[in-house]
file data_3.pdb (PDB, C-alpha atoms)
ATOM      1  CA  MET A  12     -14.711 -14.862  85.491
ATOM      2  CA  ALA A  13     -16.060 -17.951  83.680
ATOM      3  CA  ASN A  14     -16.029 -20.150  86.816
ATOM      4  CA  GLY A  15     -15.029 -23.190  84.755
ATOM      5  CA  ASP A  16     -17.825 -22.729  82.195
ATOM      6  CA  LEU A  17     -16.375 -20.975  79.159
ATOM      7  CA  VAL A  18     -19.379 -21.814  76.950
ATOM      8  CA  GLY A  19     -21.797 -20.404  79.530
ATOM      9  CA  TRP A  20     -19.651 -17.302  79.957
ATOM     10  CA  ILE A  21     -19.551 -16.705  76.185
ATOM     11  CA  ASP A  22     -23.308 -17.248  75.924
ATOM     12  CA  ASP A  23     -23.895 -14.759  78.772
ATOM     13  CA  ARG A  24     -21.522 -12.118  77.343
ATOM     14  CA  LEU A  25     -22.948 -12.395  73.832
ATOM     15  CA  GLY A  26     -26.512 -12.518  75.130
ATOM     16  CA  GLN A  27     -25.970  -9.288  77.066
ATOM     17  CA  ALA A  28     -24.231  -7.659  74.118
ATOM     18  CA  PHE A  29     -26.996  -8.569  71.666
ATOM     19  CA  ASP A  30     -29.666  -7.416  74.138
ATOM     20  CA  GLU A  31     -27.927  -4.043  74.468
ATOM     21  CA  LEU A  32     -26.686  -3.623  70.901
ATOM     22  CA  GLY A  33     -29.108  -5.637  68.810
ATOM     23  CA  PRO A  34     -28.133  -8.381  66.367
ATOM     24  CA  ALA A  35     -26.669  -5.923  63.843
ATOM     25  CA  ARG A  36     -23.638  -5.308  66.054
ATOM     26  CA  PRO A  37     -21.488  -8.461  65.946
ATOM     27  CA  THR A  38     -18.222  -6.485  65.984
ATOM     28  CA  ARG A  39     -19.151  -4.756  69.219
ATOM     29  CA  ALA A  40     -20.402  -8.049  70.624
ATOM     30  CA  GLY A  41     -16.946  -9.504  69.877
ATOM     31  CA  ASN A  42     -15.433  -6.615  71.800
ATOM     32  CA  ALA A  43     -17.655  -7.592  74.734
ATOM     33  CA  LEU A  44     -15.829 -10.935  74.769
ATOM     34  CA  VAL A  45     -12.334  -9.585  74.218
ATOM     35  CA  LYS A  46     -12.463  -6.621  76.609
ATOM     36  CA  PRO A  47     -12.645  -8.517  79.940
ATOM     37  CA  LEU A  48      -9.878 -10.880  78.802
ATOM     38  CA  GLN A  49      -7.453  -8.053  77.979
ATOM     39  CA  ASN A  50      -6.446  -7.965  81.630
ATOM     40  CA  VAL A  51      -4.926 -11.441  81.431
ATOM     41  CA  TYR A  52      -1.185 -10.836  81.535
ATOM     42  CA  GLY A  53       0.688 -11.681  78.336
ATOM     43  CA  ILE A  54      -2.343 -12.184  76.092
ATOM     44  CA  SER A  55      -2.659  -9.649  73.290
ATOM     45  CA  ASP A  56      -5.719  -8.599  71.319
ATOM     46  CA  LYS A  57      -4.298 -10.590  68.408
ATOM     47  CA  VAL A  58      -4.105 -13.828  70.401
ATOM     48  CA  LEU A  59      -7.555 -13.270  71.905
ATOM     49  CA  ALA A  60      -9.082 -12.634  68.470
ATOM     50  CA  MET A  61      -7.441 -15.732  66.976
ATOM     51  CA  ALA A  62      -8.479 -18.015  69.827
ATOM     52  CA  LEU A  63     -12.022 -16.725  70.228
ATOM     53  CA  SER A  64     -12.633 -16.595  66.484
ATOM     54  CA  GLY A  65     -11.744 -20.264  66.137
ATOM     55  CA  ILE A  66     -13.982 -21.233  69.052
ATOM     56  CA  LEU A  67     -16.939 -19.166  67.837
ATOM     57  CA  ILE A  68     -16.730 -20.185  64.183
ATOM     58  CA  GLY A  69     -16.207 -23.827  65.151
ATOM     59  CA  ALA A  70     -19.373 -23.883  67.237
ATOM     60  CA  ALA A  71     -21.556 -22.256  64.585
ATOM     61  CA  ASP A  72     -23.579 -25.426  63.941
ATOM     62  CA  VAL A  73     -24.694 -25.507  67.564
ATOM     63  CA  ARG A  74     -24.744 -21.751  68.257
ATOM     64  CA  PRO A  75     -25.470 -19.772  65.066
ATOM     65  CA  ASN A  76     -25.131 -16.392  66.818
ATOM     66  CA  TRP A  77     -21.538 -17.241  67.569
ATOM     67  CA  LEU A  78     -20.670 -17.368  63.866
ATOM     68  CA  GLN A  79     -21.624 -13.762  63.190
ATOM     69  CA  VAL A  80     -19.337 -12.683  66.032
ATOM     70  CA  GLY A  81     -16.475 -15.082  65.230
ATOM     71  CA  VAL A  82     -16.151 -13.956  61.617
ATOM     72  CA  GLN A  83     -15.674 -10.370  62.838
ATOM     73  CA  LEU A  84     -12.780 -11.145  65.202
ATOM     74  CA  ILE A  85      -9.623 -10.220  63.334
ATOM     75  CA  ALA A  86      -6.016 -10.882  64.317
ATOM     76  CA  ILE A  87      -3.808  -8.040  63.146
ATOM     77  CA  ASP A  88      -0.154  -9.014  63.201
ATOM     78  CA  THR A  89       2.854  -7.262  61.677
ATOM     79  CA  LEU A  90       2.354  -9.014  58.324
ATOM     80  CA  VAL A  91      -1.213  -7.727  57.940
ATOM     81  CA  HIS A  92      -0.356  -4.257  59.275
ATOM     82  CA  ASN A  93       2.698  -3.944  57.033
ATOM     83  CA  PHE A  94       0.703  -5.142  54.010
ATOM     84  CA  LEU A  95      -1.823  -2.357  54.607
ATOM     85  CA  ALA A  96       1.041   0.129  55.016
ATOM     86  CA  ARG A  97       3.138  -1.040  52.020
ATOM     87  CA  THR A  98       0.193  -1.059  49.634
ATOM     88  CA  GLY A  99      -0.703   2.494  50.686
ATOM     89  CA  ILE A 100      -4.105   1.496  52.027
ATOM     90  CA  LEU A 101      -3.434   3.007  55.456
ATOM     91  CA  ARG A 102      -2.213   6.266  53.928
ATOM     92  CA  ARG A 103      -5.093   6.503  51.411
ATOM     93  CA  LEU A 104      -7.609   6.071  54.205
ATOM     94  CA  ARG A 105      -5.740   8.554  56.439
ATOM     95  CA  ALA A 106      -5.244   5.787  58.970
ATOM     96  CA  SER A 107      -1.435   5.613  59.195
ATOM     97  CA  HIS A 108      -0.277   4.458  62.608
ATOM     98  CA  PRO A 109       2.513   2.326  64.047
ATOM     99  CA  TYR A 110       1.855  -1.369  64.577
ATOM    100  CA  GLY A 111       0.251  -2.070  67.935
ATOM    101  CA  PRO A 112      -2.885  -0.971  69.780
ATOM    102  CA  GLY A 113      -3.747   1.507  67.004
ATOM    103  CA  CYS A 114      -4.502  -1.468  64.768
ATOM    104  CA  TYR A 115      -7.601  -2.158  66.884
ATOM    105  CA  GLN A 116      -8.687   1.446  67.429
ATOM    106  CA  PRO A 117     -11.623   2.869  65.422
ATOM    107  CA  GLY A 118     -10.429   3.399  61.845
ATOM    108  CA  GLY A 119      -7.371   1.164  62.398
ATOM    109  CA  CYS A 120      -6.280  -1.986  60.598
ATOM    110  CA  ALA A 121      -9.095  -4.179  61.945
ATOM    111  CA  ASP A 122     -11.755  -1.734  60.761
ATOM    112  CA  ILE A 123     -10.032  -1.471  57.370
ATOM    113  CA  VAL A 124     -10.000  -5.251  56.952
ATOM    114  CA  ARG A 125     -13.721  -5.246  57.822
ATOM    115  CA  LEU A 126     -14.286  -2.535  55.200
ATOM    116  CA  ILE A 127     -12.417  -4.575  52.572
ATOM    117  CA  ALA A 128     -14.403  -7.674  53.564
ATOM    118  CA  SER A 129     -17.673  -5.788  53.090
ATOM    119  CA  LYS A 130     -16.742  -5.375  49.405
ATOM    120  CA  ILE A 131     -16.051  -9.098  48.868
ATOM    121  CA  ASP A 132     -18.657 -11.848  48.741
ATOM    122  CA  ALA A 133     -16.791 -14.672  50.517
ATOM    123  CA  ARG A 134     -19.331 -17.198  49.242
ATOM    124  CA  GLN A 135     -17.522 -17.124  45.889
ATOM    125  CA  PHE A 136     -14.712 -19.023  47.631
ATOM    126  CA  ASN A 137     -16.926 -21.383  49.607
ATOM    127  CA  ARG A 138     -20.724 -21.443  49.420
ATOM    128  CA  SER A 139     -20.958 -22.265  53.124
ATOM    129  CA  PHE A 140     -19.143 -19.040  54.103
ATOM    130  CA  PRO A 141     -21.102 -16.004  55.235
ATOM    131  CA  LYS A 142     -21.256 -13.263  52.595
ATOM    132  CA  VAL A 143     -19.126 -10.853  54.653
ATOM    133  CA  PHE A 144     -16.260 -12.699  56.337
ATOM    134  CA  PRO A 145     -13.553 -10.349  57.696
ATOM    135  CA  ARG A 146     -11.596 -13.136  59.437
ATOM    136  CA  PHE A 147     -11.283 -14.922  56.075
ATOM    137  CA  VAL A 148     -10.019 -11.727  54.387
ATOM    138  CA  GLN A 149      -7.525 -11.134  57.201
ATOM    139  CA  LEU A 150      -6.305 -14.706  56.908
ATOM    140  CA  ALA A 151      -5.981 -14.355  53.115
ATOM    141  CA  ILE A 152      -3.795 -11.249  53.577
ATOM    142  CA  TRP A 153      -1.706 -13.085  56.156
ATOM    143  CA  ARG A 154      -1.252 -16.085  53.839
ATOM    144  CA  TYR A 155      -0.309 -13.797  50.958
ATOM    145  CA  CYS A 156       2.457 -12.321  53.094
ATOM    146  CA  SER A 157       3.589 -15.138  55.376
ATOM    147  CA  GLN A 158       6.611 -17.288  54.751
ATOM    148  CA  GLN A 159       4.410 -20.340  55.409
ATOM    149  CA  GLY A 160       1.927 -19.056  52.796
ATOM    150  CA  LEU A 161       2.711 -17.405  49.463
ATOM    151  CA  ASP A 162       5.655 -15.467  50.962
ATOM    152  CA  ILE A 163       5.141 -12.441  48.705
ATOM    153  CA  CYS A 164       4.703  -9.201  50.624
ATOM    154  CA  ASN A 165       6.987  -9.323  53.647
ATOM    155  CA  GLY A 166      10.341  -8.170  54.963
ATOM    156  CA  ASN A 167      12.000 -11.372  53.711
ATOM    157  CA  ARG A 168      11.115 -10.546  50.099
ATOM    158  CA  ILE A 169      11.129  -6.759  50.237
ATOM    159  CA  ASP A 170      13.888  -4.482  51.477
ATOM    160  CA  ASP A 171      11.751  -2.263  53.714
ATOM    161  CA  SER A 172      14.087   0.679  53.135
ATOM    162  CA  GLN A 173      13.190   0.621  49.413
ATOM    163  CA  PRO A 174       9.920   0.518  47.476
ATOM    164  CA  CYS A 175       8.927  -2.999  46.430
ATOM    165  CA  GLN A 176      10.194  -4.009  42.991
ATOM    166  CA  ASN A 177       8.235  -7.244  42.614
ATOM    167  CA  ARG A 178       6.690  -6.586  39.199
ATOM    168  CA  HIS A 179       5.246 -10.129  39.186
ATOM    169  CA  CYS A 180       3.024  -9.384  42.190
ATOM    170  CA  ARG A 181      -0.659  -9.488  41.256
ATOM    171  CA  LEU A 182      -1.152  -6.206  43.128
ATOM    172  CA  TYR A 183       1.831  -4.351  41.637
ATOM    173  CA  ARG A 184      -0.237  -1.933  39.523
ATOM    174  CA  LEU A 185      -2.579  -1.147  42.418
ATOM    175  CA  CYS A 186       0.101  -0.969  45.104
ATOM    176  CA  ASP A 187       1.751   2.259  46.268
ATOM    177  CA  ARG A 188       4.911   0.275  47.215
ATOM    178  CA  VAL A 189       5.475   2.353  50.359
ATOM    179  CA  ARG A 190       8.856   2.023  52.069
ATOM    180  CA  LEU A 191       8.448   1.037  55.711
ATOM    181  CA  LYS A 192      11.783   2.364  56.981
TER     182      LYS A 192
END
call {"tool": "encode", "arguments": {"input": "data_3.pdb", "output": "structure tokens"}}
result
Amino acid sequence: MANGDLVGWIDDRLGQAFDELGPARPTRAGNALVKPLQNVYGISDKVLAMALSGILIGAADVRPNWLQVGVQLIAIDTLVHNFLARTGILRRLRASHPYGPGCYQPGGCADIVRLIASKIDARQFNRSFPKVFPRFVQLAIWRYCSQQGLDICNGNRIDDSQPCQNRHCRLYRLCDRVRLK
């Protein structure tokens, strides 16, 4: 596929995608990278998004077009999916689905994180960030939930058979506290 030249392959794929879609379509251009790699056994959309996002964002100084694609690649894991379910965001947006491929379908978790990111100016956190930065928002949700992060909204802290009772959570008043089981 890349014939030993990953950078050339990415340039070709993104070049074709931007020629066909125009520069306003970085999400679809990201899909043009992910799609052919989905056939590699054992590599999920989540792993592809994480790996490619890091590569694309990291090369932004040399290849500015890569940044606009890299910031759109989102890794939806169970922590992010369950956060969107517990808070009621999936239900409010009529996007309830089980964790898995539905997270990357139109209207799924990835699109919802992109929608949330479009409402947040990421430059308030770091002036060098792009204004809309879905990967940053996804990572912030993950850190909020993960045991290695703030360890707040996850199955270790919340009995998933009961609504969350963490009244100290900053989102408590906004959260629907949906039971997952």
call {"tool": "resolve_selection", "arguments": {"input": "data_3.pdb", "expression": "the PyMOL selection byres ((chain A and resi 121) around 9)", "output": "list in words"}}
result
Leu84, Ile85, Ala86, Ile87, Cys114, Tyr115, Gln116, Pro117, Gly118, Gly119, Cys120, Asp122, Ile123, Val124, Arg125, Leu126, Pro145 and Gln149 of chain A
call {"tool": "residues_around", "arguments": {"input": "data_3.pdb", "residues": "A:Gln83", "least_positions_apart": "5", "cutoff": "9 Å", "atoms": "all atoms listed in the file", "output": "list in words"}}
result
Pro37, Thr38, Gly41, Ala60, Ser64, Leu78, Arg125, Val143, Phe144, Pro145 and Arg146 of chain A
call {"tool": "closest_residue", "arguments": {"input": "data_3.pdb", "among": "A:Arg138, A:Arg97, A:Val45, A:Leu63", "to": "A:Gln176", "atoms": "all atoms listed in the file"}}
result
A:Arg97
call {"tool": "resolve_selection", "arguments": {"input": "data_3.pdb", "expression": "the PyMOL selection byres ((chain A and resi 39) around 12)", "output": "list in words"}}
result
Arg24, Leu25, Gln27, Ala28, Phe29, Asp30, Glu31, Leu32, Gly33, Pro34, Ala35, Arg36, Pro37, Thr38, Ala40, Gly41, Asn42, Ala43, Leu44, Val45, Lys46, Gln79, Val80, Gly81, Gln83, Leu84, Pro117 and Asp122 of chain A
call {"tool": "residues_around", "arguments": {"input": "data_3.pdb", "residues": "A:Lys142", "least_positions_apart": "6", "cutoff": "10 Å", "atoms": "only C-alpha atoms", "output": "PyMOL selection string"}}
result
chain A and resi 128-135
call {"tool": "closest_residue", "arguments": {"input": "data_3.pdb", "among": "A:Asp88, A:Val18, A:Ser107, A:Leu48", "to": "A:Leu67", "atoms": "only C-alpha atoms"}}
result
A:Val18
call {"tool": "closest_residue", "arguments": {"input": "data_3.pdb", "among": "A:Gly15, A:Pro112, A:Pro75, A:Pro174", "to": "A:Cys186", "atoms": "only C-alpha atoms"}}
result
A:Pro174
call {"tool": "closest_residue", "arguments": {"input": "data_3.pdb", "among": "A:Leu95, A:Ile152, A:Ile163, A:Ala62", "to": "A:Val189", "atoms": "all atoms listed in the file"}}
result
A:Leu95
call {"tool": "atom_distance", "arguments": {"input": "data_3.pdb", "atom1": "atom CA of A:Arg154", "atom2": "atom CA of A:Asn50"}}
result
29.4 Å
call {"tool": "closest_residue", "arguments": {"input": "data_3.pdb", "among": "A:Ala96, A:Ile54, A:Ile66, A:Val73", "to": "A:Pro109", "atoms": "all atoms listed in the file"}}
result
A:Ala96
call {"tool": "closest_residue", "arguments": {"input": "data_3.pdb", "among": "A:Gln159, A:Thr98, A:Asn14, A:Thr89", "to": "A:Asp187", "atoms": "all atoms listed in the file"}}
result
A:Thr98
call {"tool": "atom_distance", "arguments": {"input": "data_3.pdb", "atom1": "atom CA of A:Arg102", "atom2": "atom CA of A:Val148"}}
result
19.6 Å
